[in-house]
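J.: Got a file for you: structure-v3.txt, compact mmCIF, C-alpha atoms and all ligand atoms.
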```
# COMPACT_ATOMS: atom_id res chain seq x y z
CA MET H 229 -2.70 7.73 43.90
CA GLU H 230 0.97 7.47 43.10
CA PHE H 231 0.55 6.46 39.48
CA LEU H 232 -1.22 9.75 38.74
CA THR H 233 1.52 12.03 40.09
CA GLU H 234 2.92 12.69 36.63
CA GLN H 235 -0.55 13.36 35.28
CA VAL H 236 -1.77 15.78 37.94
CA GLU H 237 -1.06 18.84 35.82
CA ASP H 238 -3.10 17.48 32.95
CA ILE H 239 -5.94 16.47 35.21
CA VAL H 240 -6.32 19.90 36.77
CA ARG H 241 -6.01 21.71 33.44
CA CYS H 242 -9.37 20.37 32.20
CA MET H 243 -11.75 23.33 32.17
CA LYS H 244 -14.81 21.21 31.37
CA CYS H 245 -15.49 23.15 28.19
CA GLY H 246 -16.86 20.07 26.42
CA ASN H 247 -14.98 20.63 23.14
CA CYS H 248 -13.99 16.99 23.23
CA MET H 249 -17.64 15.98 22.77
CA SER H 250 -17.47 16.38 19.03
CA ALA H 251 -14.16 14.52 18.73
CA CYS H 252 -14.53 11.34 20.74
CA PRO H 253 -15.81 8.36 18.68
CA VAL H 254 -16.70 6.43 21.83
CA PHE H 255 -18.87 9.25 23.13
CA ALA H 256 -20.49 9.59 19.70
CA VAL H 257 -21.77 6.04 19.98
CA THR H 258 -22.44 5.65 23.69
CA GLY H 259 -23.44 9.22 24.58
CA ARG H 260 -22.00 8.53 28.04
CA GLU H 261 -20.19 11.34 29.83
CA ALA H 262 -17.99 8.77 31.59
CA MET H 263 -16.71 7.70 28.18
CA LEU H 264 -15.84 11.22 27.07
CA ALA H 265 -12.41 12.80 27.66
CA ARG H 266 -13.94 15.25 30.15
CA GLY H 267 -15.71 12.47 32.05
CA ARG H 268 -12.64 10.25 32.06
CA ILE H 269 -10.56 13.07 33.52
CA GLN H 270 -13.13 13.66 36.26
CA LEU H 271 -13.09 9.97 37.12
CA LEU H 272 -9.30 10.00 37.42
CA LYS H 273 -9.53 13.16 39.50
CA ALA H 274 -11.84 11.34 41.89
CA VAL H 275 -9.38 8.43 42.03
CA MET H 276 -6.54 10.89 42.64
CA ASN H 277 -8.46 12.51 45.51
CA GLY H 278 -9.29 9.15 47.03
CA ARG H 279 -13.02 9.53 46.35
CA LEU H 280 -13.14 6.60 43.96
CA GLU H 281 -11.54 3.17 43.93
CA LEU H 282 -10.14 1.52 40.81
CA THR H 283 -13.04 -0.92 40.70
CA ASP H 284 -13.89 -3.44 37.98
CA GLY H 285 -16.70 -1.13 36.84
CA LEU H 286 -14.26 1.76 36.47
CA ARG H 287 -11.85 -0.57 34.67
CA ASP H 288 -14.52 -1.39 32.09
CA VAL H 289 -15.16 2.31 31.47
CA LEU H 290 -11.45 3.21 31.19
CA PHE H 291 -10.79 0.35 28.79
CA THR H 292 -13.37 1.68 26.32
CA CYS H 293 -10.93 4.51 25.47
CA LEU H 294 -9.45 3.74 22.05
CA ASN H 295 -6.31 5.82 22.75
CA CYS H 296 -6.96 7.43 19.39
CA ASP H 297 -5.89 10.93 20.55
CA ALA H 298 -8.75 12.58 18.61
CA CYS H 299 -9.77 14.59 21.68
CA SER H 300 -6.48 16.41 22.26
CA LEU H 301 -6.81 18.08 18.85
CA SER H 302 -9.97 19.87 19.91
CA CYS H 303 -8.93 20.41 23.52
CA PRO H 304 -7.91 24.06 24.21
CA PRO H 305 -5.22 23.12 26.78
CA GLY H 306 -4.24 20.13 24.58
CA ILE H 307 -4.68 17.51 27.28
CA ARG H 308 -3.44 14.08 26.15
CA VAL H 309 -6.26 11.94 27.51
CA ASP H 310 -4.92 8.96 25.60
CA GLU H 311 -1.73 9.18 27.70
CA LEU H 312 -3.78 9.51 30.89
CA MET H 313 -5.75 6.43 29.92
CA LYS H 314 -2.60 4.48 29.10
CA ALA H 315 -1.25 5.28 32.59
CA ALA H 316 -4.54 4.23 34.19
CA LYS H 317 -4.69 1.00 32.18
CA ALA H 318 -1.07 0.20 33.09
CA GLU H 319 -1.92 0.74 36.76
CA LEU H 320 -4.93 -1.55 36.50
CA LEU H 321 -2.72 -4.25 35.01
CA ARG H 322 -0.09 -3.69 37.70
CA LEU H 323 -2.78 -4.16 40.33
CA GLY H 324 -3.65 -7.48 38.71
CA LYS H 325 -7.12 -6.34 37.72
CA PRO H 326 -8.44 -8.80 35.17
CA LEU H 327 -8.82 -7.35 31.70
CA PRO H 328 -12.24 -7.40 30.03
CA GLU H 329 -12.53 -11.02 28.94
CA PRO H 330 -12.40 -11.95 25.23
CA GLN H 331 -15.68 -13.83 25.70
CA ASP H 332 -17.30 -10.48 26.55
CA LEU H 333 -17.00 -9.75 22.84
CA LEU H 334 -19.16 -12.78 22.15
CA LYS H 335 -22.07 -11.12 23.93
CA PRO H 336 -24.25 -9.68 21.18
CA GLY H 337 -24.71 -6.35 22.98
CA VAL H 338 -20.99 -5.80 23.52
CA ALA H 339 -20.04 -6.95 20.03
CA TYR H 340 -22.71 -4.69 18.52
CA LYS H 341 -21.46 -1.65 20.42
CA GLU H 342 -17.89 -2.40 19.42
CA LEU H 343 -18.91 -2.72 15.79
CA GLN H 344 -21.02 0.41 15.91
CA MET H 345 -18.12 2.38 17.37
CA ARG H 346 -15.75 1.26 14.63
CA ILE H 347 -18.26 2.04 11.90
CA GLU H 348 -18.93 5.53 13.29
CA PHE H 349 -15.23 6.20 13.73
CA VAL H 350 -14.25 5.19 10.19
CA ARG H 351 -17.28 6.99 8.74
CA SER H 352 -16.29 10.22 10.46
CA PHE H 353 -12.90 9.93 8.78
CA VAL H 354 -14.53 9.43 5.36
CA GLU H 355 -16.78 12.43 6.04
CA SER H 356 -13.71 14.56 6.72
CA MET H 357 -12.18 13.38 3.43
CA ARG H 358 -15.48 14.20 1.66
CA GLY H 359 -15.34 17.74 3.01
CA LEU H 360 -11.75 18.13 1.90
CA THR H 361 -12.30 16.74 -1.61
CA ASP H 362 -15.48 18.81 -2.05
CA HIS H 363 -13.54 21.90 -1.09
CA HIS H 364 -10.94 21.18 -3.78
CA GLN H 365 -13.54 19.88 -6.24
CA ILE H 366 -11.93 16.50 -6.72
CA ALA H 367 -13.48 13.04 -6.71
CA LEU H 368 -13.17 10.82 -3.67
CA SER H 369 -12.39 7.16 -4.27
CA ALA H 370 -12.07 4.30 -1.81
CA ALA H 371 -10.42 0.91 -2.26
CA VAL H 372 -12.32 -1.29 0.17
CA ARG H 373 -12.53 -4.84 1.44
CA ALA H 374 -14.22 -7.16 -1.06
CA ARG H 375 -15.99 -9.31 1.52
CA TYR H 376 -18.48 -6.74 2.77
CA TYR H 377 -20.29 -8.69 5.47
CA GLU H 378 -17.34 -10.80 6.60
CA ASP H 379 -14.42 -8.31 6.57
CA ALA H 380 -15.46 -4.77 5.68
CA LEU H 381 -18.17 -4.34 8.31
CA ALA H 382 -16.02 -5.97 10.98
CA GLU H 383 -13.35 -3.36 10.28
CA GLY H 384 -15.79 -0.46 10.27
CA GLN H 385 -15.79 -0.06 6.46
CA ASP H 386 -19.49 0.26 5.80
CA TRP H 387 -18.84 1.17 2.18
CA ALA H 388 -22.34 0.26 1.02
CA ASP H 389 -23.60 3.01 3.30
CA TRP H 390 -20.99 5.46 2.03
CA CYS H 391 -22.19 4.76 -1.52
CA ALA H 392 -25.85 5.13 -0.57
CA ASP H 393 -25.18 8.43 1.21
CA GLY H 394 -23.01 9.84 -1.58
CA LEU H 395 -19.94 10.03 0.67
CA ILE H 396 -17.66 8.61 -2.02
CA ASP H 397 -17.65 8.99 -5.81
CA ILE H 398 -15.74 5.86 -6.74
CA CYS H 399 -15.90 2.56 -4.91
CA CYS H 400 -13.35 -0.14 -5.68
CA PRO H 401 -13.80 -3.36 -3.72
CA MET H 402 -10.46 -5.17 -3.89
CA SER H 403 -11.70 -8.47 -5.30
CA TYR H 404 -8.33 -10.18 -5.20
CA THR H 405 -8.78 -13.93 -5.43
CA LEU H 406 -7.52 -16.87 -7.43
CA SER H 407 -10.94 -18.52 -7.19
CA PHE H 408 -13.21 -17.70 -10.09
CA GLY H 409 -16.25 -18.90 -8.11
CA ALA H 410 -15.56 -16.42 -5.31
CA PHE H 411 -14.89 -13.64 -7.82
CA ALA H 412 -18.17 -14.24 -9.66
CA GLN H 413 -20.10 -14.24 -6.38
CA TRP H 414 -18.48 -10.98 -5.29
CA MET H 415 -19.28 -9.26 -8.59
CA ALA H 416 -23.01 -9.86 -8.13
CA ARG H 417 -22.85 -8.64 -4.56
CA HIS H 418 -20.78 -5.55 -5.38
CA ARG H 419 -23.15 -4.51 -8.14
CA ARG H 420 -25.99 -4.63 -5.64
CA LEU H 421 -24.12 -2.96 -2.76
CA THR H 422 -22.69 -0.07 -4.76
CA GLY H 423 -26.26 0.63 -5.86
CA GLU H 424 -27.65 2.12 -9.01
CA GLY H 425 -26.88 5.71 -8.03
CA ASP H 426 -24.07 8.03 -9.01
CA VAL H 427 -21.24 6.00 -7.51
CA THR H 428 -18.76 4.57 -10.00
CA TRP H 429 -18.10 0.92 -9.27
CA LEU H 430 -14.63 -0.29 -10.19
CA ALA H 431 -14.02 -4.03 -10.05
CA GLY H 432 -10.61 -4.44 -8.44
CA ILE H 433 -8.69 -7.40 -9.84
CA GLY H 434 -5.45 -8.59 -8.25
CA LEU H 435 -2.88 -9.76 -10.79
CA LYS H 436 -0.13 -10.07 -8.19
CA SER H 437 -1.64 -9.56 -4.76
CA SER H 438 -1.83 -10.98 -1.27
CA ALA H 439 -4.03 -13.73 -2.73
CA GLY H 440 -1.17 -14.85 -5.01
CA GLU H 441 -0.38 -14.51 -8.70
CA LEU H 442 -3.36 -14.79 -11.00
CA PRO H 443 -2.57 -16.87 -14.14
CA LEU H 444 -3.04 -14.79 -17.29
CA ASP H 445 -5.95 -16.86 -18.62
CA GLU H 446 -7.70 -16.45 -15.24
CA ALA H 447 -7.02 -12.70 -15.28
CA GLU H 448 -8.66 -12.50 -18.70
CA ARG H 449 -11.61 -14.54 -17.44
CA GLN H 450 -12.12 -12.23 -14.44
CA ILE H 451 -11.81 -9.07 -16.54
CA CYS H 452 -14.37 -10.33 -19.08
CA PHE H 453 -16.70 -11.41 -16.29
CA ALA H 454 -16.49 -8.02 -14.55
CA ARG H 455 -17.41 -6.35 -17.83
CA ARG H 456 -20.42 -8.60 -18.26
CA ALA H 457 -21.38 -7.94 -14.62
CA ASP H 458 -21.72 -4.31 -15.66
CA ALA H 459 -18.85 -2.86 -13.66
CA ASP H 460 -18.30 0.80 -14.53
CA GLY H 461 -14.59 0.13 -14.83
CA ILE H 462 -11.81 -2.21 -13.82
CA ALA H 463 -8.82 -1.44 -11.62
CA LEU H 464 -5.93 -3.87 -11.94
CA PHE H 465 -3.61 -4.26 -9.00
CA SER H 466 -0.13 -5.70 -9.16
CA ALA H 467 2.30 -5.62 -6.27
CA ALA H 468 5.19 -6.16 -8.68
CA ALA H 469 6.02 -5.14 -12.26
CA LEU H 470 4.17 -7.02 -15.01
CA ASP H 471 6.11 -8.90 -17.67
CA ASP H 472 5.74 -8.34 -21.43
CA ALA H 473 3.28 -11.22 -21.90
CA ALA H 474 0.92 -9.77 -19.29
CA LEU H 475 1.16 -6.26 -20.74
CA GLU H 476 0.49 -7.61 -24.25
CA LEU H 477 -2.57 -9.52 -23.10
CA LEU H 478 -3.94 -6.53 -21.22
CA GLY H 479 -3.45 -4.38 -24.29
CA GLU H 480 -5.46 -6.90 -26.35
CA ILE H 481 -8.26 -7.03 -23.79
CA ALA H 482 -8.40 -3.23 -23.58
CA ALA H 483 -8.75 -3.04 -27.36
CA LEU H 484 -11.79 -5.36 -27.42
S1 LIG L 501 -11.81 19.66 25.55
FE1 LIG L 501 -10.16 19.35 27.01
S2 LIG L 501 -10.45 20.97 28.52
FE2 LIG L 501 -12.37 20.81 27.39
S3 LIG L 501 -13.62 19.36 28.60
FE3 LIG L 501 -12.56 18.15 27.05
S4 LIG L 501 -10.70 17.46 28.07
FE4 LIG L 501 -11.50 19.13 29.29
S1 LIG L 502 -8.38 9.14 23.19
FE1 LIG L 502 -10.13 8.17 24.27
S2 LIG L 502 -11.25 9.89 25.15
FE2 LIG L 502 -9.91 10.75 23.57
S3 LIG L 502 -11.17 10.78 21.67
FE3 LIG L 502 -10.05 8.84 21.68
S4 LIG L 502 -11.48 7.39 22.63
FE4 LIG L 502 -12.22 9.45 23.17
```
Do you think you could lay out the structure here as structure tokens?
Ligand code: SF4
Ligand code: SF4

T.:
Amino acid sequence: MEFLTEQVEDIVRCMKCGNCMSACPVFAVTGREAMLARGRIQLLKAVMNGRLELTDGLRDVLFTCLNCDACSLSCPPGIRVDELMKAAKAELLRLGKPLPEPQDLLKPGVAYKELQMRIEFVRSFVESMRGLTDHHQIALSAAVRARYYEDALAEGQDWADWCADGLIDICCPMSYTLSFGAFAQWMARHRRLTGEGDVTWLAGIGLKSSAGELPLDEAERQICFARRADADGIALFSAAALDDAALELLGEIAAL
């Protein structure tokens, strides 16, 4: 296979040690050798030797690689499987092989696997941070998506689970909205999802955020509501400097 000529050296350097098993997020979820760096290399080797065709089934397996490069860090010869996969994917496209269809993601099984992979991948990153912060005896905080079911889970941020498992010390859902109704609804949900355990729940309020600029009287309303909702603290976010009127008001609220 011509497209693999530049990758031959990498392909033959794999010594099948299996170190990549602990690194690959796709393998962690699927448990399938074909979706592990080692397995992917063996599949390409078979293609290179003419023992395997670039079939649609093989395409589906190759396209599950996230190109995250996590495996090369634990690979003794430092093989860049992500680069191998990019070359293979480019070849599949050149051959006019149809990509996995977007509607595939509408199949509950496929969507579930996709979601599970993201959640596992992001969680493994938080676990690494937990290890690091524990080592240095510092608290670990996370500013997370406010809409847990709609946005956070879809992006792999299962922060309710992180709170329940003690992976983070401080959880700050970024509740940036100009709508008081939405804010009030989120507060009730965040209280429940951050649990009653040791995690400190900070209500994140956006004064100047992607949601827009919160009028000062609305900011005061949200701050007072978060206090009544029993938030452990409040984190104010502003993408730009606050003027004197805002600082004065915040000072007054803090003194209450
Ligand atoms: S860690 Fe590297 S050398 Fe070892 S099996 Fe995986 S890809 Fe091959
Ligand atoms: S680059 Fe692909 S094979 Fe390597 S760890 Fe990421 S998903 Fe797994």

J.: Under the rule of at most 8 Å, produce a per-residue listing of chain H near ligand LIG 502 (chain L): chain, number, name, the closest pair of atoms, and the distance in Å, as a tab-separated table, using only C-alpha atoms and all ligand atoms.

T.:
```
residue	atom	partner	partner_atom	distance
H:Cys248	CA	L:LIG502	S3	7.0
H:Ala251	CA	L:LIG502	S3	5.6
H:Cys252	CA	L:LIG502	S3	3.5
H:Pro253	CA	L:LIG502	FE4	5.9
H:Val254	CA	L:LIG502	S4	5.4
H:Phe255	CA	L:LIG502	FE4	6.7
H:Met263	CA	L:LIG502	S2	6.6
H:Leu264	CA	L:LIG502	S2	5.2
H:Ala265	CA	L:LIG502	S2	4.0
H:Arg266	CA	L:LIG502	S2	7.8
H:Arg268	CA	L:LIG502	S2	7.1
H:Thr292	CA	L:LIG502	S4	7.1
H:Cys293	CA	L:LIG502	FE1	3.9
H:Leu294	CA	L:LIG502	S4	4.2
H:Asn295	CA	L:LIG502	S1	3.9
H:Cys296	CA	L:LIG502	FE3	4.1
H:Asp297	CA	L:LIG502	S1	4.0
H:Ala298	CA	L:LIG502	S3	4.3
H:Cys299	CA	L:LIG502	S3	4.1
H:Ser300	CA	L:LIG502	FE2	6.7
H:Arg308	CA	L:LIG502	S1	7.6
H:Val309	CA	L:LIG502	FE2	5.5
H:Asp310	CA	L:LIG502	S1	4.2
H:Met313	CA	L:LIG502	FE1	7.4
```

J.: Any idea what the distance is between atom CA of Glu319 of chain H and atom CA of Leu282 of chain H?

T.: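 Value for the atom CA of Glu319 of chain H-atom CA of Leu282 of chain H distance: 9.2 Å.
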
J.: Could I get the residue neighbourhood of ligand LIG 501 (chain L) at 6 Å, counting only C-alpha atoms and all ligand atoms, as a short mmCIF file (atom, residue, chain, number, x, y, z; two decimals) with C-alpha atoms, keeping the file's coordinate frame?

T.:
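The file below, selection-v9.cif, is the result:
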```cif
data_model
loop_
_atom_site.label_atom_id
_atom_site.label_comp_id
_atom_site.auth_asym_id
_atom_site.auth_seq_id
_atom_site.Cartn_x
_atom_site.Cartn_y
_atom_site.Cartn_z
CA CYS H 242 -9.37 20.37 32.20
CA MET H 243 -11.75 23.33 32.17
CA LYS H 244 -14.81 21.21 31.37
CA CYS H 245 -15.49 23.15 28.19
CA GLY H 246 -16.86 20.07 26.42
CA ASN H 247 -14.98 20.63 23.14
CA CYS H 248 -13.99 16.99 23.23
CA ALA H 265 -12.41 12.80 27.66
CA ARG H 266 -13.94 15.25 30.15
CA SER H 302 -9.97 19.87 19.91
CA CYS H 303 -8.93 20.41 23.52
CA PRO H 304 -7.91 24.06 24.21
CA PRO H 305 -5.22 23.12 26.78
CA ILE H 307 -4.68 17.51 27.28
#
```

J.: Env of segment 464-473 of chain H: 9 Å cut, atoms = all atoms listed in the file, seq-sep filter 2 positions within chain, self excluded. Answer as a list in words.

T.: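 Residues meeting the cut-off are Met402, Tyr404, Ala431, Gly432, Ile433, Gly434, Leu435, Lys436, Ser437, Ser438, Glu441, Leu444, Ile462, Leu475, Glu476, Leu477 and Leu478 of chain H.
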
J.: How many Å lie between atom CA of Ile396 of chain H and atom CA of Leu368 of chain H, rounded to one decimal?

T.: 5.3 Å

J.: Can you find the residues with an atom no farther than 9 Å from (-18.3, 3.6, 2.6), counting only C-alpha atoms, and report them as a PyMOL selection string?

T.: chain H and resi 350-351+354+370+372+385-396+399

J.: Those residues you just picked out, can you put them in a file as a PDB file, keeping the file's coordinate frame with C-alpha atoms?

T.:
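Output file result14.pdb is given in full below:
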```pdb
ATOM      1  CA  VAL H 350     -14.250   5.190  10.190  1.00  0.00           C
ATOM      2  CA  ARG H 351     -17.280   6.990   8.740  1.00  0.00           C
ATOM      3  CA  VAL H 354     -14.530   9.430   5.360  1.00  0.00           C
ATOM      4  CA  ALA H 370     -12.070   4.300  -1.810  1.00  0.00           C
ATOM      5  CA  VAL H 372     -12.320  -1.290   0.170  1.00  0.00           C
ATOM      6  CA  GLN H 385     -15.790  -0.060   6.460  1.00  0.00           C
ATOM      7  CA  ASP H 386     -19.490   0.260   5.800  1.00  0.00           C
ATOM      8  CA  TRP H 387     -18.840   1.170   2.180  1.00  0.00           C
ATOM      9  CA  ALA H 388     -22.340   0.260   1.020  1.00  0.00           C
ATOM     10  CA  ASP H 389     -23.600   3.010   3.300  1.00  0.00           C
ATOM     11  CA  TRP H 390     -20.990   5.460   2.030  1.00  0.00           C
ATOM     12  CA  CYS H 391     -22.190   4.760  -1.520  1.00  0.00           C
ATOM     13  CA  ALA H 392     -25.850   5.130  -0.570  1.00  0.00           C
ATOM     14  CA  ASP H 393     -25.180   8.430   1.210  1.00  0.00           C
ATOM     15  CA  GLY H 394     -23.010   9.840  -1.580  1.00  0.00           C
ATOM     16  CA  LEU H 395     -19.940  10.030   0.670  1.00  0.00           C
ATOM     17  CA  ILE H 396     -17.660   8.610  -2.020  1.00  0.00           C
ATOM     18  CA  CYS H 399     -15.900   2.560  -4.910  1.00  0.00           C
TER      19      CYS H 399
END
```

J.: Can you work out which one of H:Thr283, H:Glu424, H:Met345, H:Asp458 has the shortest atom-to-atom distance to Leu323 of chain H, counting only C-alpha atoms?

T.: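 Ranked by minimum distance to Leu323 of chain H, first place goes to H:Thr283.
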